[in-house]
Amino acid sequence: MTAPALLDIQQVSKRFVKPLNLGERISAWLGAQAAAQTVRAVTGVSLSVRKGEVVGLVGESGCGKSTLGRMASGIYTPSDGQVLFDGSPVARQQGRRTVKQTTRVQMVHQDPFSSLNPRMRVGDTVGEGPVTHGLVPAREADAYVARWLDRVGLDSGLRRRFPHQFSGGQRQRIAIARALAMQPDLLVLDEPVASLDVSIQAQVLNLFMDLRRDLNLTAIFISHDLGVVRHVSDRVVIMYLGRIVEVAPTPALYAAPKHPYTRALFDSVPRVGVGRQGFVPIAGEIPSPLAPPPGCHFHPRCAMAGPRCSREAPELLPVGAVGEGRLAACHLHTGGTD
Ligand SMILES: Nc1ncnc2c1ncn2[C@@H]1O[C@H](COP(=O)(O)OP(=O)(O)O)[C@@H](O)[C@H]1O
Ligand code: SF4
Ligand SMILES: [Mg+2]
């Protein structure tokens, strides 16, 4: 039997209203047509994550990965839909404020330079949350922090230093230690290696794999890089312009992607040993989430598009063998594009 979902994301959308800038406000005051614009960052996304599972979330910059990750972590409340963690909403809205309801979901951000307080000693950064939330008594915090720094491969003797005294890779280890010290049941890692050199990326990915094995982590691992998630995820979710377009177990996705966008993503990755030969960037620009194309959002860039694609948005539906756990949102799998 499959384990029940720990995280259940149900039909969530997130819209941001882009306020008018000063020039636009003056134009509007003078009678010009100007209205606040709505960015559709995430639209109608459903996804569940089982205990012990690592889900990779992939897509080009601006497709809504961080916004979805922030809703999963309870940092944002959805505009529509809900995110349940262990059956309860992970966040609630209190006036204009989002109140995160649990510490059991922790997020690691892309940029360890801005996510660590530069004026706080790293030991205090790692120990603050666990003490505040009563996970460890204040008198034991120092030893607790030392254990976590050791666990992420850092010399615990350096815990009285400040973030600027560490390298980028070390800082990301500190950010991971800070998240894990909260003893979360789910981690959301938002492009945790994107800002690091390739050799350092491999070290941090190896650390994640070790931690995953030893602590039986459940995680959403966000990356714009298919090569990165391949090694760390059980399942991969591909997003395009705020929607999920494909979901598949990792080996199946890499063996045979089902959605034209996923195929285009693969074709645009320079392969090891092949250099940049066969490197085909995806045609056209990513459309603006202020005015997404009608029908299938991918149709202006899709080599397989037909008339139906600009008329009708494809639903995310099961594809492939029964029980394989694959989903795709493309008319090619439901009667064609005419
Ligand atoms: N706080 C915000 N206010 C307004 N627009 C936002 C905000 N956060 C994200 N967006 C917009 O939402 C879209 C999705 O952004 P994001 O989730 O950061 O994508 P990704 O992480 O995949 O690069 C982008 O167009 C981005 O500009
Ligand atoms: S629905 Fe049409 S445009 Fe969209 S991915 Fe499939 S073939 Fe391409
Ligand atoms: Mg992002």
# chains A, B, ... in the order shown; residues from 1 in each chain; ligands from 1
>>> closest_atom_pairs(of="chain A", to="ligand 1", cutoff="6 Å", atoms="only C-alpha atoms and all ligand atoms", output="JSON lines")
{"residue": "A:Phe16", "atom": "CA", "partner": "ligand 1", "partner_atom_place_in_ligand_line": "4 (C)", "distance": 4.8}
{"residue": "A:Lys18", "atom": "CA", "partner": "ligand 1", "partner_atom_place_in_ligand_line": "4 (C)", "distance": 5.9}
{"residue": "A:Val39", "atom": "CA", "partner": "ligand 1", "partner_atom_place_in_ligand_line": "5 (N)", "distance": 6.0}
{"residue": "A:Ala41", "atom": "CA", "partner": "ligand 1", "partner_atom_place_in_ligand_line": "12 (O)", "distance": 4.0}
{"residue": "A:Ser61", "atom": "CA", "partner": "ligand 1", "partner_atom_place_in_ligand_line": "23 (O)", "distance": 3.6}
{"residue": "A:Gly62", "atom": "CA", "partner": "ligand 1", "partner_atom_place_in_ligand_line": "23 (O)", "distance": 3.4}
{"residue": "A:Cys63", "atom": "CA", "partner": "ligand 1", "partner_atom_place_in_ligand_line": "22 (O)", "distance": 4.0}
{"residue": "A:Gly64", "atom": "CA", "partner": "ligand 1", "partner_atom_place_in_ligand_line": "17 (O)", "distance": 3.2}
{"residue": "A:Lys65", "atom": "CA", "partner": "ligand 1", "partner_atom_place_in_ligand_line": "22 (O)", "distance": 3.8}
{"residue": "A:Ser66", "atom": "CA", "partner": "ligand 1", "partner_atom_place_in_ligand_line": "21 (O)", "distance": 3.6}
{"residue": "A:Thr67", "atom": "CA", "partner": "ligand 1", "partner_atom_place_in_ligand_line": "17 (O)", "distance": 3.7}
{"residue": "A:Pro289", "atom": "CA", "partner": "ligand 1", "partner_atom_place_in_ligand_line": "25 (O)", "distance": 5.5}
>>> residues_near_ligand(ligand="ligand 2", cutoff="6 Å", atoms="only C-alpha atoms and all ligand atoms", output="list in words")
Pro260, Cys296, Phe298, His299, Cys302, Met304, Ala305, Cys309, Pro314, Cys330, His331, Leu332 and Thr337 of chain A
>>> closest_atom_pairs(of="chain A", to="ligand 3", cutoff="12 Å", atoms="only C-alpha atoms and all ligand atoms", output="Markdown table")
| residue | atom | partner | partner_atom_place_in_ligand_line | distance |
| --- | --- | --- | --- | --- |
| A:Ala41 | CA | ligand 3 | 1 (Mg) | 10.9 |
| A:Leu57 | CA | ligand 3 | 1 (Mg) | 10.5 |
| A:Val58 | CA | ligand 3 | 1 (Mg) | 10.1 |
| A:Gly59 | CA | ligand 3 | 1 (Mg) | 9.4 |
| A:Glu60 | CA | ligand 3 | 1 (Mg) | 9.0 |
| A:Ser61 | CA | ligand 3 | 1 (Mg) | 6.5 |
| A:Gly62 | CA | ligand 3 | 1 (Mg) | 6.7 |
| A:Cys63 | CA | ligand 3 | 1 (Mg) | 8.1 |
| A:Gly64 | CA | ligand 3 | 1 (Mg) | 7.0 |
| A:Lys65 | CA | ligand 3 | 1 (Mg) | 5.5 |
| A:Ser66 | CA | ligand 3 | 1 (Mg) | 4.1 |
| A:Thr67 | CA | ligand 3 | 1 (Mg) | 7.3 |
| A:Leu68 | CA | ligand 3 | 1 (Mg) | 9.3 |
| A:Gly69 | CA | ligand 3 | 1 (Mg) | 8.6 |
| A:Arg70 | CA | ligand 3 | 1 (Mg) | 9.7 |
| A:Val108 | CA | ligand 3 | 1 (Mg) | 11.7 |
| A:His109 | CA | ligand 3 | 1 (Mg) | 9.0 |
| A:Gln110 | CA | ligand 3 | 1 (Mg) | 7.7 |
| A:Asp111 | CA | ligand 3 | 1 (Mg) | 10.3 |
| A:Val188 | CA | ligand 3 | 1 (Mg) | 11.9 |
| A:Leu189 | CA | ligand 3 | 1 (Mg) | 10.4 |
| A:Asp190 | CA | ligand 3 | 1 (Mg) | 6.7 |
| A:Glu191 | CA | ligand 3 | 1 (Mg) | 7.1 |
| A:Pro192 | CA | ligand 3 | 1 (Mg) | 10.3 |
| A:Ala194 | CA | ligand 3 | 1 (Mg) | 10.0 |
| A:Ser195 | CA | ligand 3 | 1 (Mg) | 11.7 |
| A:Phe221 | CA | ligand 3 | 1 (Mg) | 11.5 |
| A:Ile222 | CA | ligand 3 | 1 (Mg) | 8.0 |
| A:Ser223 | CA | ligand 3 | 1 (Mg) | 8.2 |
| A:His224 | CA | ligand 3 | 1 (Mg) | 8.4 |
| A:Asp225 | CA | ligand 3 | 1 (Mg) | 12.0 |
| A:Met239 | CA | ligand 3 | 1 (Mg) | 11.9 |
| A:Gly242 | CA | ligand 3 | 1 (Mg) | 11.9 |
>>> write_last_selection(atoms="N, CA and C atoms", output="short mmCIF file (atom, residue, chain, number, x, y, z; two decimals), in the first residue's frame")
data_model
loop_
_atom_site.label_atom_id
_atom_site.label_comp_id
_atom_site.auth_asym_id
_atom_site.auth_seq_id
_atom_site.Cartn_x
_atom_site.Cartn_y
_atom_site.Cartn_z
N ALA A 41 1.04 33.79 -10.92
CA ALA A 41 2.30 33.07 -10.66
C ALA A 41 2.08 31.57 -10.66
N LEU A 57 11.08 19.63 -8.43
CA LEU A 57 10.18 20.58 -9.10
C LEU A 57 11.03 21.41 -10.06
N VAL A 58 10.73 21.27 -11.36
CA VAL A 58 11.62 21.83 -12.39
C VAL A 58 10.85 22.74 -13.34
N GLY A 59 11.50 23.77 -13.80
CA GLY A 59 10.93 24.64 -14.83
C GLY A 59 11.82 25.85 -14.99
N GLU A 60 11.60 26.59 -16.09
CA GLU A 60 12.43 27.78 -16.33
C GLU A 60 12.13 28.86 -15.30
N SER A 61 13.03 29.80 -15.21
CA SER A 61 12.88 30.91 -14.28
C SER A 61 11.55 31.63 -14.52
N GLY A 62 10.84 31.94 -13.44
CA GLY A 62 9.59 32.69 -13.54
C GLY A 62 8.36 31.81 -13.69
N CYS A 63 8.52 30.47 -13.69
CA CYS A 63 7.35 29.60 -13.95
C CYS A 63 6.53 29.36 -12.68
N GLY A 64 7.00 29.86 -11.54
CA GLY A 64 6.18 29.74 -10.32
C GLY A 64 6.70 28.75 -9.29
N LYS A 65 7.92 28.25 -9.47
CA LYS A 65 8.46 27.24 -8.55
C LYS A 65 8.57 27.79 -7.13
N SER A 66 9.19 28.96 -7.00
CA SER A 66 9.38 29.51 -5.64
C SER A 66 8.03 29.84 -5.01
N THR A 67 7.12 30.37 -5.81
CA THR A 67 5.80 30.72 -5.26
C THR A 67 5.11 29.46 -4.75
N LEU A 68 5.18 28.37 -5.51
CA LEU A 68 4.57 27.11 -5.07
C LEU A 68 5.29 26.60 -3.81
N GLY A 69 6.63 26.69 -3.80
CA GLY A 69 7.40 26.26 -2.63
C GLY A 69 7.03 27.07 -1.40
N ARG A 70 6.81 28.35 -1.59
CA ARG A 70 6.44 29.20 -0.46
C ARG A 70 5.04 28.90 0.05
N VAL A 108 14.62 25.93 2.73
CA VAL A 108 16.00 26.38 2.52
C VAL A 108 15.99 27.21 1.25
N HIS A 109 16.46 28.44 1.35
CA HIS A 109 16.35 29.36 0.22
C HIS A 109 17.57 29.28 -0.70
N GLN A 110 17.38 29.82 -1.89
CA GLN A 110 18.42 29.74 -2.91
C GLN A 110 19.71 30.43 -2.49
N ASP A 111 19.57 31.60 -1.90
CA ASP A 111 20.74 32.43 -1.72
C ASP A 111 21.18 32.47 -0.25
N VAL A 188 11.50 22.08 2.16
CA VAL A 188 11.35 22.63 0.81
C VAL A 188 12.66 23.33 0.50
N LEU A 189 13.39 22.79 -0.47
CA LEU A 189 14.69 23.37 -0.83
C LEU A 189 14.54 24.10 -2.14
N ASP A 190 14.69 25.43 -2.10
CA ASP A 190 14.46 26.25 -3.29
C ASP A 190 15.79 26.54 -3.99
N GLU A 191 16.09 25.79 -5.01
CA GLU A 191 17.34 25.94 -5.77
C GLU A 191 18.55 26.03 -4.84
N PRO A 192 18.73 25.02 -3.96
CA PRO A 192 19.76 25.13 -2.92
C PRO A 192 21.18 25.16 -3.47
N ALA A 194 21.90 26.38 -6.78
CA ALA A 194 21.98 27.18 -8.02
C ALA A 194 23.04 28.28 -7.95
N SER A 195 23.32 28.78 -6.74
CA SER A 195 24.27 29.89 -6.66
C SER A 195 25.70 29.40 -6.44
N PHE A 221 12.34 19.41 -3.83
CA PHE A 221 13.65 19.92 -4.23
C PHE A 221 13.45 20.70 -5.52
N ILE A 222 13.57 22.03 -5.43
CA ILE A 222 13.32 22.89 -6.59
C ILE A 222 14.62 23.15 -7.34
N SER A 223 14.55 23.06 -8.68
CA SER A 223 15.73 23.39 -9.48
C SER A 223 15.28 23.77 -10.89
N HIS A 224 16.07 24.61 -11.57
CA HIS A 224 15.75 24.84 -12.98
C HIS A 224 16.51 23.84 -13.84
N ASP A 225 17.25 22.92 -13.20
CA ASP A 225 18.21 22.07 -13.88
C ASP A 225 17.79 20.59 -13.77
N MET A 239 6.98 22.26 -14.37
CA MET A 239 6.05 23.39 -14.43
C MET A 239 6.35 24.27 -15.63
N GLY A 242 3.27 28.66 -14.51
CA GLY A 242 2.32 28.59 -13.40
C GLY A 242 1.52 27.30 -13.30
#
>>> closest_residue(among="A:Gly306, A:Gly95, A:Pro293, A:Gly52", to="Ser233 of chain A", atoms="only C-alpha atoms")
A:Gly52
>>> residues_around(residues="Asp234 of chain A", least_positions_apart="3", cutoff="7 Å", atoms="only C-alpha atoms", output="PyMOL selection string")
chain A and resi 53-55+249-250
>>> decode(residues="segment 43-125 of chain A", atoms="C-alpha atoms", output="compact mmCIF listing (two decimals), in the first residue's frame")
# COMPACT_ATOMS: atom_id res chain seq x y z
CA THR A 43 -2.66 28.40 -11.46
CA GLY A 44 -4.67 25.37 -10.31
CA VAL A 45 -1.80 23.21 -9.08
CA SER A 46 -2.45 19.95 -7.20
CA LEU A 47 0.36 17.80 -5.87
CA SER A 48 0.82 15.47 -2.95
CA VAL A 49 4.04 14.36 -1.34
CA ARG A 50 4.27 11.10 0.60
CA LYS A 51 6.36 10.56 3.70
CA GLY A 52 9.93 9.66 2.77
CA GLU A 53 9.53 10.90 -0.79
CA VAL A 54 11.66 13.53 -2.55
CA VAL A 55 9.85 15.38 -5.33
CA GLY A 56 11.88 17.44 -7.81
CA LEU A 57 10.18 20.58 -9.10
CA VAL A 58 11.62 21.83 -12.39
CA GLY A 59 10.93 24.64 -14.83
CA GLU A 60 12.43 27.78 -16.33
CA SER A 61 12.88 30.91 -14.28
CA GLY A 62 9.59 32.69 -13.54
CA CYS A 63 7.35 29.60 -13.95
CA GLY A 64 6.18 29.74 -10.32
CA LYS A 65 8.46 27.24 -8.55
CA SER A 66 9.38 29.51 -5.64
CA THR A 67 5.80 30.72 -5.26
CA LEU A 68 4.57 27.11 -5.07
CA GLY A 69 7.40 26.26 -2.63
CA ARG A 70 6.44 29.20 -0.46
CA MET A 71 2.82 28.10 -0.39
CA ALA A 72 3.94 24.56 0.51
CA SER A 73 6.01 26.03 3.38
CA GLY A 74 3.22 28.26 4.68
CA ILE A 75 5.09 31.48 3.85
CA TYR A 76 2.34 32.48 1.37
CA THR A 77 -1.35 31.66 1.58
CA PRO A 78 -2.87 30.60 -1.74
CA SER A 79 -5.27 32.99 -3.55
CA ASP A 80 -7.41 29.89 -4.24
CA GLY A 81 -7.21 26.29 -3.09
CA GLN A 82 -5.46 25.01 0.00
CA VAL A 83 -2.28 23.36 1.22
CA LEU A 84 -2.75 20.69 3.86
CA PHE A 85 0.11 19.37 5.95
CA ASP A 86 -0.83 16.19 7.82
CA GLY A 87 -4.47 17.11 7.21
CA SER A 88 -4.37 20.72 8.50
CA PRO A 89 -3.83 23.99 6.59
CA VAL A 90 -0.14 24.88 6.62
CA ALA A 91 -0.90 28.63 6.79
CA ARG A 92 -3.80 30.94 7.47
CA GLN A 93 -4.43 34.53 6.55
CA GLN A 94 -4.82 37.05 9.38
CA GLY A 95 -5.70 40.36 7.81
CA ARG A 96 -2.79 41.09 5.48
CA ARG A 97 -0.50 38.73 7.36
CA THR A 98 0.17 35.07 6.58
CA VAL A 99 0.48 33.00 9.74
CA LYS A 100 2.49 29.82 9.35
CA GLN A 101 0.75 27.16 11.43
CA THR A 102 3.53 24.64 11.86
CA THR A 103 7.29 24.48 12.24
CA ARG A 104 7.23 20.97 10.79
CA VAL A 105 7.77 22.35 7.28
CA GLN A 106 11.05 24.23 6.80
CA MET A 107 12.42 25.98 3.74
CA VAL A 108 16.00 26.38 2.52
CA HIS A 109 16.35 29.36 0.22
CA GLN A 110 18.42 29.74 -2.91
CA ASP A 111 20.74 32.43 -1.72
CA PRO A 112 22.61 31.63 1.51
CA PHE A 113 24.10 35.16 1.45
CA SER A 114 20.77 36.86 2.03
CA SER A 115 19.02 34.13 4.01
CA LEU A 116 21.50 34.16 6.92
CA ASN A 117 21.53 37.17 9.25
CA PRO A 118 24.98 38.75 8.68
CA ARG A 119 25.10 40.12 12.25
CA MET A 120 24.36 36.85 13.99
CA ARG A 121 26.92 34.19 14.86
CA VAL A 122 26.09 31.07 12.86
CA GLY A 123 25.65 29.01 16.03
CA ASP A 124 22.97 31.44 17.22
CA THR A 125 21.32 31.36 13.80
